[in-house]
Each structure stands twice: as structure tokens, then as C-alpha cells.
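Just entry-v9.cif here, mmCIF, C-alpha atoms:
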data_run
loop_
_atom_site.label_atom_id
_atom_site.label_comp_id
_atom_site.auth_asym_id
_atom_site.auth_seq_id
_atom_site.Cartn_x
_atom_site.Cartn_y
_atom_site.Cartn_z
CA MET A 1 7.33 -9.86 -33.61
CA ASN A 2 4.58 -12.35 -34.27
CA HIS A 3 2.51 -11.38 -37.33
CA GLN A 4 -0.06 -14.12 -36.84
CA ILE A 5 -3.61 -13.19 -37.75
CA LEU A 6 -5.79 -13.76 -34.73
CA PRO A 7 -9.52 -14.40 -34.76
CA PRO A 8 -11.79 -11.52 -33.69
CA ASP A 9 -13.03 -13.42 -30.63
CA PHE A 10 -9.44 -13.55 -29.33
CA THR A 11 -8.94 -9.83 -29.85
CA ASP A 12 -12.31 -9.01 -28.27
CA SER A 13 -11.58 -11.24 -25.27
CA LEU A 14 -8.11 -9.79 -24.82
CA GLN A 15 -9.43 -6.23 -24.94
CA GLY A 16 -12.17 -7.11 -22.46
CA TYR A 17 -9.68 -8.65 -20.03
CA ARG A 18 -7.40 -5.62 -20.35
CA ARG A 19 -10.30 -3.27 -19.61
CA GLU A 20 -11.04 -5.32 -16.48
CA LEU A 21 -7.38 -5.10 -15.43
CA ASP A 22 -7.27 -1.36 -16.09
CA ALA A 23 -10.32 -0.84 -13.88
CA LEU A 24 -8.83 -3.02 -11.13
CA ASP A 25 -5.51 -1.15 -11.35
CA ALA A 26 -7.33 2.16 -10.88
CA GLN A 27 -9.15 0.75 -7.83
CA PHE A 28 -5.86 -0.65 -6.49
CA VAL A 29 -4.14 2.73 -6.74
CA SER A 30 -7.12 4.40 -5.08
CA LEU A 31 -6.99 1.86 -2.23
CA LEU A 32 -3.24 2.42 -1.85
CA ALA A 33 -3.80 6.17 -1.63
CA THR A 34 -6.43 5.63 1.07
CA ARG A 35 -4.13 3.23 2.91
CA PHE A 36 -1.26 5.72 2.87
CA SER A 37 -3.53 8.50 4.08
CA ILE A 38 -4.37 6.37 7.11
CA THR A 39 -0.75 5.37 7.72
CA ARG A 40 0.27 9.05 7.61
CA ARG A 41 -2.28 9.75 10.34
CA ILE A 42 -0.92 6.83 12.36
CA GLY A 43 2.61 8.19 11.89
CA ALA A 44 1.52 11.63 13.06
CA LEU A 45 -0.18 10.13 16.11
CA LYS A 46 2.91 8.09 16.98
CA ALA A 47 5.17 11.10 16.50
CA ALA A 48 2.97 13.30 18.67
CA HIS A 49 3.18 10.77 21.50
CA GLY A 50 6.81 9.76 21.05
CA VAL A 51 5.92 6.19 20.11
CA ALA A 52 8.38 4.17 18.01
CA ALA A 53 7.79 4.52 14.27
CA ALA A 54 8.05 0.77 13.61
CA ASP A 55 5.98 -1.97 15.18
CA PRO A 56 7.59 -5.23 14.02
CA ALA A 57 5.16 -7.43 15.99
CA ARG A 58 2.15 -5.74 14.35
CA GLU A 59 3.74 -6.00 10.91
CA GLN A 60 4.49 -9.70 11.40
CA ALA A 61 1.00 -10.47 12.68
CA GLN A 62 -0.60 -8.58 9.78
CA LEU A 63 1.66 -10.25 7.23
CA GLU A 64 0.81 -13.71 8.60
CA HIS A 65 -2.90 -12.88 8.43
CA LEU A 66 -2.58 -11.64 4.85
CA LEU A 67 -0.58 -14.69 3.79
CA LEU A 68 -3.36 -16.95 5.09
CA LEU A 69 -5.91 -14.86 3.24
CA SER A 70 -3.83 -15.10 0.07
CA ALA A 71 -3.67 -18.86 0.33
CA ASP A 72 -7.45 -19.00 0.82
CA LEU A 73 -7.93 -16.87 -2.30
CA ASP A 74 -5.47 -18.92 -4.38
CA LEU A 75 -3.10 -15.95 -4.68
CA PRO A 76 0.58 -16.89 -4.57
CA THR A 77 1.77 -15.95 -1.10
CA GLU A 78 5.05 -14.72 -2.62
CA VAL A 79 3.10 -11.90 -4.28
CA THR A 80 1.49 -10.86 -1.01
CA ARG A 81 4.76 -11.13 0.92
CA ALA A 82 6.71 -9.04 -1.60
CA LEU A 83 3.98 -6.40 -1.86
CA TYR A 84 3.46 -5.98 1.87
CA GLU A 85 7.12 -6.06 2.79
CA MET A 86 7.59 -3.20 0.33
CA LEU A 87 4.54 -1.33 1.66
CA PHE A 88 5.66 -1.78 5.27
CA GLY A 89 9.08 -0.41 4.31
CA PHE A 90 7.56 2.73 2.80
CA VAL A 91 5.33 3.22 5.83
CA ARG A 92 8.24 2.80 8.27
CA ALA A 93 10.30 5.34 6.32
CA ASN A 94 7.40 7.78 6.33
CA HIS A 95 6.82 7.32 10.07
CA LEU A 96 10.52 7.90 10.75
CA ALA A 97 10.40 11.08 8.68
CA GLN A 98 7.30 12.22 10.55
CA ALA A 99 9.00 11.51 13.89
CA GLY A 100 12.02 13.54 12.76
CA SER A 101 9.80 16.42 11.67
CA ALA A 102 7.92 16.37 14.96
CA ARG A 103 11.20 16.61 16.90
CA ALA A 104 12.71 19.27 14.65
CA THR A 105 9.69 21.54 14.41
CA PRO A 106 6.82 21.03 16.84
CA LEU A 107 4.49 23.03 14.59
CA GLY A 108 5.31 20.78 11.62
CA LEU A 109 3.18 18.01 13.04
CA GLU A 110 0.20 20.31 13.44
CA LEU A 111 0.58 21.53 9.87
CA GLU A 112 0.79 17.96 8.58
CA LEU A 113 -2.38 17.01 10.41
CA GLU A 114 -4.19 20.05 9.08
CA SER A 115 -3.22 19.19 5.50
CA GLU A 116 -4.85 15.75 5.66
CA PRO A 117 -8.06 15.51 3.63
#
Can you turn what I pasted into C-alpha cells?
Amino acid sequence: MNHQILPPDFTDSLQGYRRELDALDAQFVSLLATRFSITRRIGALKAAHGVAAADPAREQAQLEHLLLLSADLDLPTEVTRALYEMLFGFVRANHLAQAGSARATPLGLELELESEP
């Protein structure tokens, strides 16, 4: 461990940056929760109408759009790609589970929709 004595302006700056990151992380998690609430509603809609859980063309188009946005914002596109490929995977799995629930118990879909905030 480094036992270097650091000037107060370093410590103050570091703490300020960390507070900014903490606030952004809280916003990020809130946005993810909102995003997943919407994707659950999409999954329920697809399940109710017998539509395929996955939409590879939509995912690809959205990923390409987000990669362009990332490049414009000077965010490494690898970060965006990794994040959204993971998110899309979770959403697909959730939609497949919703489709399975809708087939197994027709009332399950209604109960899921009623439990949405």
C-alpha cells in the first residue's frame, strides 16, 4: 500500500469526483430499473399476442445507433457494445420466461400486468 502523503486539494478533488460518480451510478440504476419495467411490458405484450420474444433486427439496429452515439460522445464503443449485448441478453431471457408463463398459465400474464407500477 502506498503511504504517500497527498495534498488536501488532491483529497478534496478525489472526494468530489467520487460523489459525482456515486450520484451518476444512482441515476444509472434508476434508469436501468425504468428500462426493465418497459421491457417487461413489451415482453408481456409479445407473449399475449404470440410474438417471438427476440427481435434480432431491432436489437442490431438499436446497437448500431447506440454505437454511433457513443462515438459522437467520445465513449469507447466497446463499453456500449458490451453493456447493451448484456442488457439485450437479459431482456431476451425475460421475454422467453414471460412467453413460457403465458403459455403455461393464461392468468399469469394478467397477474404480471397488474403488478406493474
Report task. May I ask which of the residues A:Ala102, A:Ala53, A:Ala82, A:Leu24 is the closest one to Leu66 (chain A), counting all atoms listed in the file? Result ->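 Comparing A:Ala102, A:Ala53, A:Ala82, A:Leu24 against Leu66 (chain A), the winner is A:Ala82.
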Query raised in the report: Ala99 (chain A): which residues within 8 Å, counting only C-alpha atoms, same-chain residues fewer than 6 positions away excluded, as a list in words?
Result: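 Once the nearby chain positions are removed, what remains is Gly43, Ala44, Lys46, Ala47, Ala48, Gly50 and Ala53 of chain A.
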Query raised in the report: What is the CA of His95 (chain A)-CA of Ala52 (chain A) distance in Å, reported with one decimal?
Result: 8.7 Å
**Report entry** Distance criterion (only C-alpha atoms): nearest to His65 (chain A) out of A:Arg81, A:Arg40, A:Arg92, A:Arg19
**Finding:**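 Residue with the minimum atom-to-atom distance to His65 (chain A): A:Arg81.
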Query raised in the report: Neighbours of region 57-59 of chain A within 10 Å (all atoms listed in the file; same-chain residues fewer than 6 positions away dropped), as a VMD selection string?
Result: chain A and resid 65 84 to 85 88
Requested in this report: Quick one: pull the distance between CA of Val79 (chain A) and CA of Ala93 (chain A), Å, one decimal.
Outcome: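 Interatomic distance, CA of Val79 (chain A) to CA of Ala93 (chain A): 21.5 Å.
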Query - Between CA of Glu78 (chain A) and CA of Glu64 (chain A) - distance in Å to one decimal - result: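 We find that CA of Glu64 (chain A) and CA of Glu78 (chain A) lie 12.0 Å from each other.
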Report summary line: Using all atoms listed in the file, the residue out of A:Ala23, A:Asn94, A:Ser101, A:Pro56 with shortest distance to Ile42 (chain A) is A:Asn94
